[in-house]
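Chemist: My structure is below; once you've seen it, I'll send some questions.
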Amino acid sequence: MQQALATRGRACGVTGVPRTSSTRPAVRSLVCRAAADKTPFIPPWRDVYNDLKSKGLRTVAPEEAAELLATGKWALIDVRRPDQFEEGHAQGSVSVPMYSRLDMSQADLAKVMKLIAFSFNGVQPIDSNATFTKDALAASPAKKFITLCEAGGTMKPTVNFPLGKPSRSLQAAWKLMAEGGVAPGDVVHLERGLYGWYQADLPIEGTYTPDLGRTPMAAQDPAVNSIAQSTGYEQQAGDKQQPEPAQKKKWFNF
């Protein structure tokens, strides 16, 4: 059962439970019931990537993002988890999380299955924010947005990543345009995320110390397998160096 829940499968189209002889029908049935009629929070990355490319999403350097923010017309929305924002964030940014830690105080079948699947993959269990688009639109009266996450991801194709690298901030930009009706020119994506903001020596409120050993990209909800697509921070020549983490973290913090 652990192996079945830890890898991607095709039982009733649900990620996390493969259709193999070792997967008990009762387990597949439970997961199918939990996922029935559930609309994905984020479509597959390929679809998101192609849509963003067609809309001409622009990625801006931290210095340009700071200039846009200074005009008072743009909102810098931090889509990381609330606890990450509270620990440290870009000065002037607003917390509009796409995901938060899974709340098991009122657990249902879907949450239990998600907890098991994420835990077996060594990932901090999270839940999607169903009101993300509405919350983000309320953060900017002018409806102009700069999306920010931990490491930013990228739309730049490479040999190893022909579709770039997915991230929460890229997913957020897609949701604002696809669901929020925001014009493509009124959404930009922050290059290298908060890590890039930090490397540009722009002001940060609270404490921010990047952990170069973690993989901060977002998982599609509930597609745990997409975590494997991330390779962490994009480092550049001249970046400030960080000390080794004091101890190995149990969870990947994306």
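Naming works like this for the structure tokens: A, B, ... for the chains as they're shown, residue 1 at the start of each chain, ligands 1 onward in shown order.
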Which neighbours of stretch 190-205 of chain A fall inside 7 Å, counting only C-alpha atoms, when residues of the same chain fewer than 2 positions from it are skipped, and could you give them as number ranges by chain?
Modeler: A: 59-62, 65, 88-91, 146-153, 188, 207, 210, 234, 239-240
Chemist: For those residues, write N, CA, C and O atoms to a file as a PDB file, in the first residue's frame.
Modeler:
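After the write, out_14.pdb holds the following:
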```pdb
ATOM      1  N   THR A  59       8.840  37.847 -17.602  1.00  0.00           N
ATOM      2  CA  THR A  59       9.576  37.670 -16.353  1.00  0.00           C
ATOM      3  C   THR A  59      10.428  38.900 -16.119  1.00  0.00           C
ATOM      4  O   THR A  59      11.140  39.352 -17.029  1.00  0.00           O
ATOM      5  N   VAL A  60      10.359  39.482 -14.924  1.00  0.00           N
ATOM      6  CA  VAL A  60      11.095  40.712 -14.634  1.00  0.00           C
ATOM      7  C   VAL A  60      12.159  40.463 -13.576  1.00  0.00           C
ATOM      8  O   VAL A  60      11.993  39.632 -12.685  1.00  0.00           O
ATOM      9  N   ALA A  61      13.256  41.186 -13.690  1.00  0.00           N
ATOM     10  CA  ALA A  61      14.328  41.114 -12.703  1.00  0.00           C
ATOM     11  C   ALA A  61      13.855  41.767 -11.406  1.00  0.00           C
ATOM     12  O   ALA A  61      12.940  42.607 -11.419  1.00  0.00           O
ATOM     13  N   PRO A  62      14.454  41.419 -10.279  1.00  0.00           N
ATOM     14  CA  PRO A  62      14.046  42.009  -9.000  1.00  0.00           C
ATOM     15  C   PRO A  62      14.086  43.532  -8.991  1.00  0.00           C
ATOM     16  O   PRO A  62      13.193  44.175  -8.423  1.00  0.00           O
ATOM     17  N   ALA A  65      11.049  44.800 -10.699  1.00  0.00           N
ATOM     18  CA  ALA A  65       9.883  44.546  -9.851  1.00  0.00           C
ATOM     19  C   ALA A  65       9.777  45.593  -8.755  1.00  0.00           C
ATOM     20  O   ALA A  65       8.680  46.077  -8.442  1.00  0.00           O
ATOM     21  N   GLY A  88       9.788  35.643   6.808  1.00  0.00           N
ATOM     22  CA  GLY A  88      10.525  36.668   6.084  1.00  0.00           C
ATOM     23  C   GLY A  88       9.946  36.859   4.702  1.00  0.00           C
ATOM     24  O   GLY A  88       9.562  35.884   4.045  1.00  0.00           O
ATOM     25  N   HIS A  89       9.839  38.122   4.263  1.00  0.00           N
ATOM     26  CA  HIS A  89       9.246  38.398   2.957  1.00  0.00           C
ATOM     27  C   HIS A  89       9.774  39.706   2.381  1.00  0.00           C
ATOM     28  O   HIS A  89      10.340  40.536   3.102  1.00  0.00           O
ATOM     29  N   ALA A  90       9.603  39.883   1.089  1.00  0.00           N
ATOM     30  CA  ALA A  90      10.015  41.109   0.422  1.00  0.00           C
ATOM     31  C   ALA A  90       9.216  42.291   0.980  1.00  0.00           C
ATOM     32  O   ALA A  90       7.996  42.195   1.152  1.00  0.00           O
ATOM     33  N   GLN A  91       9.910  43.367   1.252  1.00  0.00           N
ATOM     34  CA  GLN A  91       9.244  44.552   1.793  1.00  0.00           C
ATOM     35  C   GLN A  91       8.206  45.054   0.789  1.00  0.00           C
ATOM     36  O   GLN A  91       8.477  45.214  -0.401  1.00  0.00           O
ATOM     37  N   ILE A 146       2.632  41.360  -9.657  1.00  0.00           N
ATOM     38  CA  ILE A 146       3.940  40.729  -9.765  1.00  0.00           C
ATOM     39  C   ILE A 146       3.860  39.485  -8.888  1.00  0.00           C
ATOM     40  O   ILE A 146       3.617  39.596  -7.685  1.00  0.00           O
ATOM     41  N   THR A 147       4.019  38.304  -9.472  1.00  0.00           N
ATOM     42  CA  THR A 147       3.902  37.083  -8.684  1.00  0.00           C
ATOM     43  C   THR A 147       5.273  36.638  -8.194  1.00  0.00           C
ATOM     44  O   THR A 147       6.250  36.664  -8.937  1.00  0.00           O
ATOM     45  N   LEU A 148       5.306  36.200  -6.946  1.00  0.00           N
ATOM     46  CA  LEU A 148       6.559  35.860  -6.275  1.00  0.00           C
ATOM     47  C   LEU A 148       6.385  34.571  -5.488  1.00  0.00           C
ATOM     48  O   LEU A 148       5.393  34.391  -4.792  1.00  0.00           O
ATOM     49  N   CYS A 149       7.360  33.662  -5.616  1.00  0.00           N
ATOM     50  CA  CYS A 149       7.395  32.481  -4.752  1.00  0.00           C
ATOM     51  C   CYS A 149       8.817  32.334  -4.221  1.00  0.00           C
ATOM     52  O   CYS A 149       9.559  33.312  -4.167  1.00  0.00           O
ATOM     53  N   GLU A 150       9.214  31.146  -3.827  1.00  0.00           N
ATOM     54  CA  GLU A 150      10.544  30.971  -3.228  1.00  0.00           C
ATOM     55  C   GLU A 150      11.671  31.084  -4.243  1.00  0.00           C
ATOM     56  O   GLU A 150      12.582  31.887  -4.069  1.00  0.00           O
ATOM     57  N   ALA A 151      11.620  30.291  -5.314  1.00  0.00           N
ATOM     58  CA  ALA A 151      12.722  30.260  -6.275  1.00  0.00           C
ATOM     59  C   ALA A 151      12.324  30.673  -7.684  1.00  0.00           C
ATOM     60  O   ALA A 151      13.173  30.808  -8.544  1.00  0.00           O
ATOM     61  N   GLY A 152      11.049  30.881  -7.924  1.00  0.00           N
ATOM     62  CA  GLY A 152      10.606  31.467  -9.182  1.00  0.00           C
ATOM     63  C   GLY A 152      10.297  30.531 -10.320  1.00  0.00           C
ATOM     64  O   GLY A 152       9.393  30.795 -11.109  1.00  0.00           O
ATOM     65  N   GLY A 153      11.051  29.435 -10.452  1.00  0.00           N
ATOM     66  CA  GLY A 153      10.862  28.625 -11.641  1.00  0.00           C
ATOM     67  C   GLY A 153      11.311  29.405 -12.870  1.00  0.00           C
ATOM     68  O   GLY A 153      11.891  30.486 -12.758  1.00  0.00           O
ATOM     69  N   VAL A 188       3.147  40.035 -14.267  1.00  0.00           N
ATOM     70  CA  VAL A 188       4.535  39.682 -14.547  1.00  0.00           C
ATOM     71  C   VAL A 188       5.017  38.729 -13.463  1.00  0.00           C
ATOM     72  O   VAL A 188       4.451  38.658 -12.376  1.00  0.00           O
ATOM     73  N   THR A 207      13.174  37.611   8.762  1.00  0.00           N
ATOM     74  CA  THR A 207      14.420  36.875   8.535  1.00  0.00           C
ATOM     75  C   THR A 207      14.264  35.944   7.357  1.00  0.00           C
ATOM     76  O   THR A 207      13.317  35.151   7.293  1.00  0.00           O
ATOM     77  N   PRO A 210      17.953  31.544   2.636  1.00  0.00           N
ATOM     78  CA  PRO A 210      17.656  30.454   1.700  1.00  0.00           C
ATOM     79  C   PRO A 210      18.393  29.189   2.080  1.00  0.00           C
ATOM     80  O   PRO A 210      19.524  29.227   2.561  1.00  0.00           O
ATOM     81  N   GLU A 234      17.895  28.673  -8.918  1.00  0.00           N
ATOM     82  CA  GLU A 234      18.752  28.985 -10.060  1.00  0.00           C
ATOM     83  C   GLU A 234      19.841  29.924  -9.559  1.00  0.00           C
ATOM     84  O   GLU A 234      19.576  31.066  -9.212  1.00  0.00           O
ATOM     85  N   ASP A 239      26.384  35.343  -6.760  1.00  0.00           N
ATOM     86  CA  ASP A 239      25.393  35.170  -5.699  1.00  0.00           C
ATOM     87  C   ASP A 239      26.077  35.056  -4.343  1.00  0.00           C
ATOM     88  O   ASP A 239      27.164  34.483  -4.220  1.00  0.00           O
ATOM     89  N   LYS A 240      25.399  35.583  -3.328  1.00  0.00           N
ATOM     90  CA  LYS A 240      25.880  35.447  -1.960  1.00  0.00           C
ATOM     91  C   LYS A 240      25.839  33.976  -1.569  1.00  0.00           C
ATOM     92  O   LYS A 240      24.861  33.281  -1.827  1.00  0.00           O
TER      93      LYS A 240
END
```
Chemist: Within 12 Å of A:Lys134, counting only C-alpha atoms, which residues qualify if same-chain residues fewer than 3 places away don't, as a ChimeraX atom specification?
Modeler: /A:96-98,129-131,137-140,143,172,175-176,179-182
Chemist: Can you tell me which residues surround A:Ser100 at a distance of at most 7 Å, considering only C-alpha atoms, apart from same-chain residues fewer than 4 positions away, and format the answer as a list of chain:residue names?
Modeler: A:Arg81, A:Pro82, A:Ile126, A:Asp127, A:Ser128
Chemist: Since we have the selection now, will you write its residues out, keeping C-alpha atoms, as a PDB file, in the first residue's frame?
Modeler:
```
ATOM      1  CA  ARG A  81       2.746  29.388   2.525  1.00  0.00           C
ATOM      2  CA  PRO A  82       1.610  31.816   5.275  1.00  0.00           C
ATOM      3  CA  ILE A 126      -0.251  20.944   1.966  1.00  0.00           C
ATOM      4  CA  ASP A 127      -3.692  21.913   0.766  1.00  0.00           C
ATOM      5  CA  SER A 128      -4.640  24.302  -2.021  1.00  0.00           C
TER       6      SER A 128
END
```
Chemist: Which residue out of A:Pro162, A:Phe41, A:Glu63, A:His189 has the minimum interatomic distance to A:Leu76 when only C-alpha atoms are used?
Modeler: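 Checking each of A:Pro162, A:Phe41, A:Glu63, A:His189 against A:Leu76, counting only C-alpha atoms, the winner is A:His189.
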Chemist: Could you check the closest approach to A:Asn50 for each of A:Thr71, A:Gln236, A:Gln171, A:Thr158 and tell me which residue wins, using only C-alpha atoms?
Modeler: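 Smallest distance to A:Asn50 is found for A:Gln171.
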Chemist: Write out as a compact mmCIF listing (two decimals) with N, CA and C atoms, in the first residue's frame the set of residues from stretch 120-207 of chain A that DSSP, computed on the backbone, places in strand (DSSP E).
Modeler:
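So part09.txt came out as:
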```txt
# COMPACT_ATOMS: atom_id res chain seq x y z
N ILE A 126 0.36 19.64 2.18
CA ILE A 126 -0.25 20.94 1.97
C ILE A 126 -1.64 20.78 1.36
N ASP A 127 -2.38 21.88 1.38
CA ASP A 127 -3.69 21.91 0.77
C ASP A 127 -3.79 23.19 -0.06
N SER A 128 -4.51 23.14 -1.15
CA SER A 128 -4.64 24.30 -2.02
C SER A 128 -5.61 25.32 -1.44
N PHE A 145 -0.20 42.87 -11.25
CA PHE A 145 0.39 41.92 -10.31
C PHE A 145 1.80 41.50 -10.69
N ILE A 146 2.63 41.36 -9.66
CA ILE A 146 3.94 40.73 -9.77
C ILE A 146 3.86 39.49 -8.89
N THR A 147 4.02 38.30 -9.47
CA THR A 147 3.90 37.08 -8.68
C THR A 147 5.27 36.64 -8.19
N LEU A 148 5.31 36.20 -6.95
CA LEU A 148 6.56 35.86 -6.28
C LEU A 148 6.39 34.57 -5.49
N VAL A 187 0.23 41.20 -15.65
CA VAL A 187 0.79 40.18 -14.77
C VAL A 187 2.23 39.93 -15.20
N VAL A 188 3.15 40.03 -14.27
CA VAL A 188 4.53 39.68 -14.55
C VAL A 188 5.02 38.73 -13.46
N HIS A 189 6.08 38.03 -13.77
CA HIS A 189 6.60 36.96 -12.91
C HIS A 189 8.00 37.37 -12.44
N LEU A 190 8.24 37.27 -11.13
CA LEU A 190 9.53 37.68 -10.57
C LEU A 190 10.60 36.63 -10.81
N ILE A 204 14.10 43.25 2.88
CA ILE A 204 13.30 42.11 3.34
C ILE A 204 12.85 42.36 4.77
N GLU A 205 11.59 42.12 5.04
CA GLU A 205 11.06 42.24 6.39
C GLU A 205 11.09 40.88 7.06
N GLY A 206 11.63 40.82 8.27
CA GLY A 206 11.77 39.55 8.96
C GLY A 206 13.11 38.92 8.64
```
Chemist: With only C-alpha atoms as the basis for distance, which of A:Asp78, A:Glu87, A:Asp186, A:Asp135 is at the shortest distance from A:Thr209?
Modeler: A:Glu87
Chemist: Considering only C-alpha atoms, state which residue in the set A:Ala75, A:Ala178, A:Pro43, A:Tyr49 is at the smallest distance from A:Phe161.
Modeler: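 Of A:Ala75, A:Ala178, A:Pro43, A:Tyr49, the one nearest A:Phe161 is A:Tyr49, counting only C-alpha atoms.
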Chemist: Please report the interatomic distance between atom CA of A:Pro157 and atom CA of A:Met177 in Å with one decimal.
Modeler: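 Interatomic distance here is 21.7 Å.
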Chemist: At what distance in Å, to one decimal, does atom CA of A:Lys156 lie from atom CA of A:Ser95?
Modeler: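 For atom CA of A:Ser95 relative to atom CA of A:Lys156, the distance reads 26.3 Å.
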Chemist: Please compute the atom CA of A:Trp74-atom CA of A:Ala183 distance, one decimal, in Å.
Modeler: 13.3 Å
